[in-house]
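J.: Quick one: the structure is below, questions incoming.
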Amino acid sequence: MPTLRDIKRRIKAVQSTSKITKAMKMVAAAKFRKAQQRMFEMRPYADKMNSVLSILAGMTEGEVHPLLVVRPRKTVEVLVITSDRGLCGAFNTNILKAAMRHVAELKNQGFEVSVSSVGRKANDYYKRRNIVRRKSWSGISGKISYASAQEIAGDVIESYINETVDEVVLIYNEFKSVVAQKVIIKTILPIGSIEETGVEALPTAIFLYEPTQQEVFSRLLPKNIEIQIFRALLESQASEEAARMSAMENATKAANDMIGSLTLQFNKARQAAITKELMDIVGGVEALKG
Amino acid sequence: MENKLRLEIVTPYGSVFSDEVDEITAAGSEGEFGVFPQHAPFITMLKTGMLMCKQGSSTLIFFVSGGYAEVGPDKVVILGDSAEKSEDIDIERAKAAMQRAEERLKKIDNIDFGRATAALERATIRIQVAQKLSPK
């Protein structure tokens with residue numbers, strides 16, 4: 001039976017925890033709003049880029065650019081995007097589990113798989129399991145810049161062109177709503193199959209290119225990879241903050257429930273103590289009378 | 001809708017402009033080009049430079065840095081690395097950037113020579129574009 005003081009101490013502890021989680025929730029909410037705004041600003045650009053490319057890719061045969069060449073799949077690169085910090089619910093677990101499943105599936109189909117990761121959480125996860133990664137980046141979530149997307153894209157493109165990998169798959173959390181993230185598995189290389197997400201496709205006319213088709217492609221295609229990765233990073237960032245927000249909200253709620261039940265316990269114990277004392281006094285008085 | 005062009009300028013930092021215009025002049029990698037409605041489909045890389053468009057009797061001026069233009073018969077999409085309306089250009093900032101770039105260029109053992117030159121060009125053109133409008 002915990003004493004009154006024990007219970008009181010626990011209530012205090014839970015109270016301060018709930019204060020912390022509440023503050024963290026508010027911080028996450030502010031960060032989330034920022035991340036969401038950046039993501040929304042990015043979307044029209046990424047969509048336009050996609051629709052331009054889908055028109056172009058539909059009209060050209062593979063030989064134009066190395067990034068358009070579809071080789072027989074032997075090695076598949078899986079790029080997993082997680083967060084750097086924890087306390088965001090099942091956010092990282094979900095993505096890492098999905099990645100593991102996907103890797104296993106690819107291996108079953110007889111492909112070589114190389115894994116790269118973004119985010120400290122993926123780093124820890126793979127290190128614990130002694131899984132060798134081709135490359136890993138961390139410390140970029142929270143201050144995502146276009147430069148970091150460029151760095152990742154540059155590396156991926158390089159290994160595609162020098163044929164260390166034949167396909168690149170991106171796995172990240174897409175932002176659906178504040179309470180829902182969706183794990184997205186998306187092939188970004190080869191660029192053979194770009195889905196049409198744009199609104200209206202231009203009639204398939206012959207395009208004029210300036211300076212040359214080659215030149216335009218050699219700039220536009222890597223750029224598209226950068227943009228896709230950048231977008232994935234932003235989506236992941238917004239989802240992370242949203243996930244943290246709801247995780248902290250739940251934690252605060254749980255803490256408050258706990259405070260409630262502890263207070264009840266405390267009051268019961270206090271009542272019991274008072275009753276016991278009264279009984280003692282009454283007992284003493286009775287004894288004196290006798 | 002006829003004889004109008006839909007101009008859309010988008011950058012990774014958001015959409016800058018989206019409206020109907022009559023005529024567009026922009027700096028392509030091979031030189032300046034003009035677009036009227038019913039232009040042949042055309043894709044070009046852009047240089048850092050000025051983009052002008054006529055909308056009725058008024059002329060709008062933009063600064064566009066890098067990127068692509070996709071021209072269709074009734075629309076033009078500019079995918080810029082950065083773009084801003086001439087009124088929105090922060091001249092003080094551009095001037096500071098110009099100075100920084102110049103200083104960097106003075107050091108001879110410079111690895112980032114290309115980057116500094118590009119930065120200098122961007123800053124210079126930005127100032128030019130901004131001043132084009134201000135004397136009025």
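As shown in the structure tokens, the chain order sets the letters A, B, ...; within each chain, residues go from 1, and ligands are also counted from 1 in the order they appear.
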Excluding same-chain residues fewer than 6 positions from Thr59 of chain B, what lies within 12 Å of it counting only C-alpha atoms, as a list in words?
T.: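 Counting only the stated atoms, we get Val21, Asp22, Glu23, Ile24, Thr25, Leu51, Met52, Cys53, Lys85, Ser86, Lys132 and Leu133 of chain B.
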J.: Which parts of chain B does DSSP call strand (DSSP E or B) when run on the backbone here, written out as a PyMOL selection string?
T.: chain B and resi 5-11+14-21+23-28+31-35+42-46+49-55+58-65+68-71+75-79+82-85
J.: Can you work out which residues from chain B touch chain A at a cut-off of 6 Å (counting only C-alpha atoms) and hand them back as number ranges by chain?
T.: B: 10-14, 41-44
J.: Report as a PyMOL selection string all protein, DNA and RNA residues lying within 7 Å of Ser117 of chain A, evaluated on only C-alpha atoms, omitting residues in the same chain fewer than 5 positions from it.
T.: chain A and resi 79-81+122-123+135-137
J.: Please, which residues of segment 100-228 of chain A, numbered as in this document, come out alpha helix (DSSP H) from DSSP, as an MDAnalysis selection string?
T.: chainID A and resid 100:108 120:128 146:161 213:228
J.: For Phe62 of chain B, which residue among B:Ala83, B:Ala40, B:Ala118, B:Ile127 is the nearest when counting only C-alpha atoms?
T.: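 Among the listed residues, B:Ala83 lies closest to Phe62 of chain B.
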J.: Need the shell around Asp90 of chain B: protein/DNA/RNA residues with any atom at most 10 Å away, counting only C-alpha atoms. Skip same-chain ones fewer than 5 positions apart. Format as an mmCIF file with N, CA and C atoms, in the first residue's frame?
T.:
data_model
loop_
_atom_site.group_PDB
_atom_site.id
_atom_site.type_symbol
_atom_site.label_atom_id
_atom_site.label_comp_id
_atom_site.auth_asym_id
_atom_site.auth_seq_id
_atom_site.Cartn_x
_atom_site.Cartn_y
_atom_site.Cartn_z
ATOM 1 N N GLU B 84 10.939 36.451 -59.100
ATOM 2 C CA GLU B 84 10.157 37.402 -58.323
ATOM 3 C C GLU B 84 9.713 38.571 -59.205
ATOM 4 N N LYS B 95 22.207 44.129 -53.613
ATOM 5 C CA LYS B 95 23.475 44.855 -53.618
ATOM 6 C C LYS B 95 24.485 44.178 -52.698
ATOM 7 N N ARG B 126 19.355 41.184 -61.082
ATOM 8 C CA ARG B 126 18.263 41.483 -60.173
ATOM 9 C C ARG B 126 18.138 42.997 -59.974
ATOM 10 N N ILE B 127 19.287 43.629 -59.789
ATOM 11 C CA ILE B 127 19.268 45.073 -59.589
ATOM 12 C C ILE B 127 18.774 45.777 -60.840
ATOM 13 N N ALA B 130 15.089 45.425 -61.110
ATOM 14 C CA ALA B 130 14.382 46.242 -60.124
ATOM 15 C C ALA B 130 14.381 47.705 -60.523
#
J.: Identify, on the basis of only C-alpha atoms, every residue whose closest approach to Lys121 of chain A does not exceed 9 Å; exclude the query and any residue fewer than 5 positions from it along the same chain; express the result as a ChimeraX atom specification.
T.: /A:82-86,92,126,138
J.: Would you export the selected residues with N, CA and C atoms as a compact mmCIF listing (two decimals), in the first residue's frame, please?
T.:
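To be explicit, this is the file written out as out28.txt:
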# COMPACT_ATOMS: atom_id res chain seq x y z
N THR A 82 13.52 8.63 -43.16
CA THR A 82 12.93 8.68 -41.83
C THR A 82 13.28 10.03 -41.19
N SER A 83 12.96 10.16 -39.90
CA SER A 83 13.24 11.42 -39.24
C SER A 83 14.53 11.29 -38.43
N ASP A 84 15.02 12.40 -37.91
CA ASP A 84 16.20 12.37 -37.07
C ASP A 84 15.83 12.18 -35.62
N ARG A 85 14.67 12.64 -35.24
CA ARG A 85 14.29 12.61 -33.84
C ARG A 85 13.11 11.68 -33.62
N GLY A 86 13.02 11.19 -32.41
CA GLY A 86 11.96 10.25 -32.10
C GLY A 86 10.75 10.95 -31.51
N ASN A 92 8.37 6.35 -37.56
CA ASN A 92 9.57 5.70 -38.10
C ASN A 92 9.40 4.18 -38.19
N TYR A 126 19.31 0.37 -38.72
CA TYR A 126 20.10 -0.54 -39.55
C TYR A 126 21.41 -0.92 -38.87
N SER A 138 22.20 11.97 -42.48
CA SER A 138 21.36 12.30 -41.34
C SER A 138 21.61 13.76 -40.94
J.: For Leu67 of chain A, list every protein, DNA or RNA residue within 9 Å, evaluated using only C-alpha atoms, and leave out those in the same chain fewer than 5 positions away; present the list as a short mmCIF file (atom, residue, chain, number, x, y, z; two decimals) with N, CA and C atoms, in the first residue's frame.
T.:
data_model
loop_
_atom_site.label_atom_id
_atom_site.label_comp_id
_atom_site.auth_asym_id
_atom_site.auth_seq_id
_atom_site.Cartn_x
_atom_site.Cartn_y
_atom_site.Cartn_z
N GLY A 62 14.33 5.76 -75.81
CA GLY A 62 15.30 5.65 -74.72
C GLY A 62 16.69 6.21 -74.92
N ILE A 157 21.91 9.55 -58.78
CA ILE A 157 22.05 9.61 -60.23
C ILE A 157 23.38 9.03 -60.67
N TYR A 160 23.36 5.40 -60.60
CA TYR A 160 22.54 4.84 -61.69
C TYR A 160 23.31 4.88 -63.00
N ILE A 161 23.97 5.98 -63.25
CA ILE A 161 24.65 6.13 -64.53
C ILE A 161 25.85 5.19 -64.64
N LEU A 189 13.80 6.06 -60.56
CA LEU A 189 14.71 5.82 -61.68
C LEU A 189 14.57 4.37 -62.13
N PRO A 190 14.60 4.05 -63.39
CA PRO A 190 14.66 4.93 -64.55
C PRO A 190 13.41 5.78 -64.71
N ILE A 191 13.55 6.84 -65.46
CA ILE A 191 12.43 7.77 -65.60
C ILE A 191 11.45 7.29 -66.65
N GLY A 192 11.55 6.05 -67.03
CA GLY A 192 10.68 5.55 -68.11
C GLY A 192 9.21 5.83 -67.90
N SER A 218 19.49 16.64 -70.51
CA SER A 218 20.56 16.38 -69.54
C SER A 218 20.46 17.33 -68.35
N LEU A 221 16.30 16.21 -66.58
CA LEU A 221 16.09 14.93 -65.93
C LEU A 221 16.71 14.86 -64.53
N PRO A 222 17.99 15.24 -64.39
CA PRO A 222 18.53 15.24 -63.02
C PRO A 222 17.74 16.17 -62.11
#
J.: Figure out the distance between atom CA of Glu8 of chain B and atom CA of Ser239 of chain A, please, to one decimal in Å.
T.: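 Separation of atom CA of Ser239 of chain A and atom CA of Glu8 of chain B: 28.7 Å.
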J.: Which polymer residues have any atom within 12 Å of an atom of Val156 of chain A, counting only C-alpha atoms, with same-chain residues fewer than 6 positions away left out, as a PyMOL selection string?
T.: chain A and resi 67+76-79+114-117+134-136+149-150+162-170+188-190+222+225-226+229
J.: Let me see the file: selected residues, N, CA and C atoms, as a compact mmCIF listing (two decimals), in the first residue's frame.
T.:
# COMPACT_ATOMS: atom_id res chain seq x y z
N LEU A 67 19.66 8.60 -68.22
CA LEU A 67 18.67 8.40 -67.16
C LEU A 67 17.36 7.82 -67.67
N VAL A 76 18.64 -3.35 -57.11
CA VAL A 76 17.64 -2.33 -56.83
C VAL A 76 18.09 -1.55 -55.60
N GLU A 77 18.07 -0.27 -55.73
CA GLU A 77 18.44 0.58 -54.60
C GLU A 77 17.17 1.03 -53.90
N VAL A 78 17.18 0.88 -52.57
CA VAL A 78 16.02 1.33 -51.80
C VAL A 78 16.45 2.50 -50.93
N LEU A 79 15.82 3.63 -51.13
CA LEU A 79 16.17 4.82 -50.37
C LEU A 79 15.06 5.09 -49.36
N SER A 114 20.39 -2.89 -52.54
CA SER A 114 21.24 -2.05 -51.72
C SER A 114 20.35 -1.01 -51.06
N VAL A 115 20.68 -0.70 -49.82
CA VAL A 115 19.82 0.20 -49.05
C VAL A 115 20.57 1.49 -48.75
N SER A 116 19.90 2.61 -48.93
CA SER A 116 20.43 3.88 -48.46
C SER A 116 19.38 4.50 -47.56
N SER A 117 19.82 5.33 -46.64
CA SER A 117 18.82 5.88 -45.74
C SER A 117 19.05 7.35 -45.46
N ARG A 134 24.46 1.37 -48.46
CA ARG A 134 25.36 1.94 -49.44
C ARG A 134 25.75 3.34 -49.01
N LYS A 135 24.78 4.04 -48.46
CA LYS A 135 25.02 5.43 -48.13
C LYS A 135 24.00 5.85 -47.08
N SER A 136 24.37 6.77 -46.22
CA SER A 136 23.33 7.27 -45.32
C SER A 136 23.55 8.76 -45.06
N ALA A 149 18.72 17.95 -50.89
CA ALA A 149 18.08 17.11 -51.90
C ALA A 149 19.01 16.93 -53.10
N GLN A 150 19.71 18.01 -53.44
CA GLN A 150 20.63 17.94 -54.57
C GLN A 150 21.74 16.94 -54.31
N ASN A 162 26.59 5.02 -63.52
CA ASN A 162 27.71 4.08 -63.65
C ASN A 162 27.29 2.64 -63.36
N GLU A 163 26.00 2.40 -63.39
CA GLU A 163 25.41 1.06 -63.39
C GLU A 163 25.67 0.23 -62.14
N THR A 164 25.89 0.88 -60.99
CA THR A 164 25.94 0.10 -59.76
C THR A 164 24.52 -0.29 -59.34
N VAL A 165 23.57 0.54 -59.69
CA VAL A 165 22.17 0.17 -59.44
C VAL A 165 21.37 0.33 -60.73
N ASP A 166 20.32 -0.49 -60.85
CA ASP A 166 19.53 -0.45 -62.08
C ASP A 166 18.14 0.12 -61.85
N GLU A 167 17.83 0.32 -60.58
CA GLU A 167 16.52 0.90 -60.30
C GLU A 167 16.62 1.58 -58.93
N VAL A 168 15.93 2.68 -58.78
CA VAL A 168 15.95 3.35 -57.49
C VAL A 168 14.51 3.51 -56.99
N VAL A 169 14.30 3.02 -55.79
CA VAL A 169 12.96 3.10 -55.19
C VAL A 169 13.03 4.00 -53.96
N LEU A 170 12.08 4.89 -53.88
CA LEU A 170 12.04 5.83 -52.76
C LEU A 170 10.93 5.37 -51.81
N ILE A 188 11.81 6.05 -58.73
CA ILE A 188 12.16 7.33 -59.35
C ILE A 188 13.12 7.17 -60.51
N LEU A 189 13.80 6.06 -60.56
CA LEU A 189 14.71 5.82 -61.68
C LEU A 189 14.57 4.37 -62.13
N PRO A 190 14.60 4.05 -63.39
CA PRO A 190 14.66 4.93 -64.55
C PRO A 190 13.41 5.78 -64.71
N PRO A 222 17.99 15.24 -64.39
CA PRO A 222 18.53 15.24 -63.02
C PRO A 222 17.74 16.17 -62.11
N ILE A 225 14.78 14.53 -60.69
CA ILE A 225 15.11 13.63 -59.57
C ILE A 225 15.28 14.44 -58.29
N GLU A 226 16.01 15.55 -58.43
CA GLU A 226 16.20 16.41 -57.26
C GLU A 226 14.87 16.86 -56.69
N ILE A 229 13.02 14.09 -54.90
CA ILE A 229 13.59 13.79 -53.59
C ILE A 229 13.28 14.92 -52.61
